[in-house]
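Data first, discussion second: the structure below is written as structure tokens.
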Amino acid sequence: MAIQSGKKYWLTALVIVALLAIFFYTSYNSLVRKDEAIIKTWNNLQSDYQRRGDLIPNLVGTVKASSDYEKETLTELIDARARAGKINTTNPPAYNDFLQSENTQNDVVSAANRVIGVIEKYPDLKTTNAFVRLQDQLIGTERRIKFSRKDFNDAVMEYNKATRSFPQSIAASLFGFKVKEGFTAQAGAEKAPEINFNK
């Protein structure tokens with residue numbers, strides 16, 4: 001009778017250990033997948049920012065092609081693009097990377113919008129094929145950036161839900177998975193800044 005009771009005890013203990021091992025194994029892998037999704041969506045966003053940056057020389061060239069342009073405005077855009085191109089982010093990205101990236105991208109958008117304001121003074125330039133094509137590409141890129149930012153925030157939210165929800169929060173704490181921050185609108189901002197052709 002005592003032997004059978006001892007076997008039952010060890011069998012119960014073995015089942016509990018196996019269940020805990022399965023729980024921690026699946027929790028860890030789930031957290032890793034969610035963390036990797038954050039990295040992937042961040043990289044996609046950086047790729048969209050790079051696409052925006054790659055189109056800026058075309059915008060500058062299109063404006064320079066007009067007989068009269070404001071050199072200072074173009075210089076501001078070129079400088080903002082150069083600063084944005086120098087931003088190096090860690091992988092996985094840290095919250096300071098988000099802030100630094102967003103600040104430089106805001107400068108690019110602001111300078112690009114000033115250039116577009118200059119273009120408004122030249123109706124002939126607005127109707128050239130080169131500018132119309134460029135406008136379409138930039139509008140498409142701004143749309144992609146908006147969706148990439150949303151995807152990134154969604155990935156951060158899914159990861160944070162997993163790290164904060166019980167019982168997975170136990171595994172997150174044990175394995176060092178911490179809550180992350182996504183993009184938040186600046187005070188008074190209703191949407192992310194974007195290059196705007198509807199001036």
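To be explicit about the labels: the chains of the structure tokens are called A, B, and onward in the order shown, and within each one the residues are counted from 1, while ligands get numbers from 1 in the order they are shown.
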With the cut-off set at 12 Å and counting only C-alpha atoms, tabulate each residue of stretch 82-189 of chain A with an atom at most that distance from an atom of stretch 28-38 of chain A, showing the nearest atom pair and its distance in Å to one decimal, ordered by chain and increasing number, as a Markdown table.
| residue | atom | partner | partner_atom | distance |
| --- | --- | --- | --- | --- |
| A:Asn91 | CA | A:Glu36 | CA | 9.8 |
| A:Pro92 | CA | A:Ile38 | CA | 7.8 |
| A:Pro93 | CA | A:Ile38 | CA | 8.5 |
| A:Ala94 | CA | A:Ile38 | CA | 10.9 |
| A:Ser148 | CA | A:Ile38 | CA | 11.0 |
| A:Arg149 | CA | A:Ile38 | CA | 10.9 |
| A:Lys150 | CA | A:Ile38 | CA | 11.4 |
| A:Asp151 | CA | A:Ile38 | CA | 8.7 |
| A:Phe152 | CA | A:Ile38 | CA | 6.1 |
| A:Asn153 | CA | A:Ile38 | CA | 8.3 |
| A:Asp154 | CA | A:Ile38 | CA | 8.7 |
| A:Ala155 | CA | A:Ile38 | CA | 5.3 |
| A:Val156 | CA | A:Ile38 | CA | 6.0 |
| A:Met157 | CA | A:Ile38 | CA | 9.5 |
| A:Glu158 | CA | A:Lys34 | CA | 7.0 |
| A:Tyr159 | CA | A:Lys34 | CA | 5.2 |
| A:Asn160 | CA | A:Lys34 | CA | 9.0 |
| A:Lys161 | CA | A:Lys34 | CA | 10.1 |
| A:Ala162 | CA | A:Leu31 | CA | 7.0 |
| A:Thr163 | CA | A:Leu31 | CA | 7.4 |
| A:Arg164 | CA | A:Leu31 | CA | 11.1 |
| A:Ser165 | CA | A:Leu31 | CA | 11.7 |
| A:Gln168 | CA | A:Tyr28 | CA | 8.7 |
| A:Ser169 | CA | A:Leu31 | CA | 10.0 |
| A:Ile170 | CA | A:Tyr28 | CA | 10.3 |
| A:Ala171 | CA | A:Tyr28 | CA | 6.7 |
| A:Ala172 | CA | A:Tyr28 | CA | 7.3 |
| A:Ser173 | CA | A:Tyr28 | CA | 10.4 |
| A:Leu174 | CA | A:Tyr28 | CA | 9.5 |
| A:Phe175 | CA | A:Tyr28 | CA | 7.4 |
| A:Gly176 | CA | A:Tyr28 | CA | 10.1 |
| A:Phe177 | CA | A:Leu31 | CA | 7.5 |
| A:Lys178 | CA | A:Asp35 | CA | 10.1 |
| A:Val179 | CA | A:Asp35 | CA | 10.4 |
| A:Lys180 | CA | A:Ile38 | CA | 9.6 |
| A:Glu181 | CA | A:Ile38 | CA | 10.6 |
| A:Gly182 | CA | A:Ile38 | CA | 9.5 |
Legend entry - Polymer residues at most 12 Å from A:Ser110, only C-alpha atoms, same-chain spacing of 4 or more positions, as JSON, numbers by chain: {"A": [73, 74, 76, 77, 78, 79, 80, 81, 102, 103, 104, 105, 106, 114, 115, 116, 117, 192, 193, 194, 195, 196]}
Can you write out the residues you just picked, keeping C-alpha atoms, as a PDB file, in the first residue's frame?
ATOM      1  CA  THR A  73      14.314  75.514 -48.413  1.00  0.00           C
ATOM      2  CA  LEU A  74      15.957  72.791 -50.499  1.00  0.00           C
ATOM      3  CA  GLU A  76      16.936  72.321 -45.195  1.00  0.00           C
ATOM      4  CA  LEU A  77      15.363  69.261 -46.828  1.00  0.00           C
ATOM      5  CA  ILE A  78      18.723  67.852 -47.928  1.00  0.00           C
ATOM      6  CA  ASP A  79      20.159  68.380 -44.425  1.00  0.00           C
ATOM      7  CA  ALA A  80      17.127  66.776 -42.729  1.00  0.00           C
ATOM      8  CA  ARG A  81      17.398  63.762 -45.031  1.00  0.00           C
ATOM      9  CA  GLU A 102      10.737  59.973 -35.135  1.00  0.00           C
ATOM     10  CA  ASN A 103      12.349  63.334 -34.394  1.00  0.00           C
ATOM     11  CA  THR A 104      14.564  63.148 -37.475  1.00  0.00           C
ATOM     12  CA  GLN A 105      11.690  61.885 -39.628  1.00  0.00           C
ATOM     13  CA  ASN A 106       9.539  64.778 -38.387  1.00  0.00           C
ATOM     14  CA  ARG A 114       8.041  73.532 -46.987  1.00  0.00           C
ATOM     15  CA  VAL A 115       9.438  72.487 -50.388  1.00  0.00           C
ATOM     16  CA  ILE A 116       5.940  71.515 -51.509  1.00  0.00           C
ATOM     17  CA  GLY A 117       4.782  74.940 -50.329  1.00  0.00           C
ATOM     18  CA  ALA A 192       1.750  61.186 -37.451  1.00  0.00           C
ATOM     19  CA  PRO A 193       3.355  63.867 -39.606  1.00  0.00           C
ATOM     20  CA  GLU A 194       3.396  63.091 -43.297  1.00  0.00           C
ATOM     21  CA  ILE A 195       4.369  64.749 -46.531  1.00  0.00           C
ATOM     22  CA  ASN A 196       1.244  66.589 -47.599  1.00  0.00           C
TER      23      ASN A 196
END
Inset, instruction - Can you check which residues of chain A DSSP gives as alpha helix (DSSP H) on the backbone and send them as a PyMOL selection string? - result: chain A and resi 2-64+71-85+95-119+123-126+129-164+168-175
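Nearest to A:Leu134 of all the residues A:Ala84, A:Leu19, A:Ile56, A:Ala111 is A:Ile56, counting only C-alpha atoms.
Atom CA of A:Val60 lies 21.4 Å from atom CA of A:Ile87.
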Legend entry - Distance query A:Asp48 at most 7 Å, only C-alpha atoms, self and fewer than 2 positions along chain excluded, as a PyMOL selection string: chain A and resi 44-46+50-52+141+144-145
Inset, instruction - Identify which of the residues A:Asp54, A:Trp42, A:Glu120, A:Leu59 lies closest to A:Asp97, counting only C-alpha atoms when measuring atom-to-atom distances. - result: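 Among the listed residues, A:Trp42 lies closest to A:Asp97.
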Inset, instruction - Pick out the closest residue to A:Gly53 from this set: A:Leu99, A:Ala130, A:Ile139, A:Val109. Count only C-alpha atoms. - result: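 Of A:Leu99, A:Ala130, A:Ile139, A:Val109, the one nearest A:Gly53 is A:Val109, counting only C-alpha atoms.
Minimum distance to A:Arg133 across A:Ser47, A:Thr62, A:Val15, A:Thr41 (counting only C-alpha atoms) occurs at A:Thr62.
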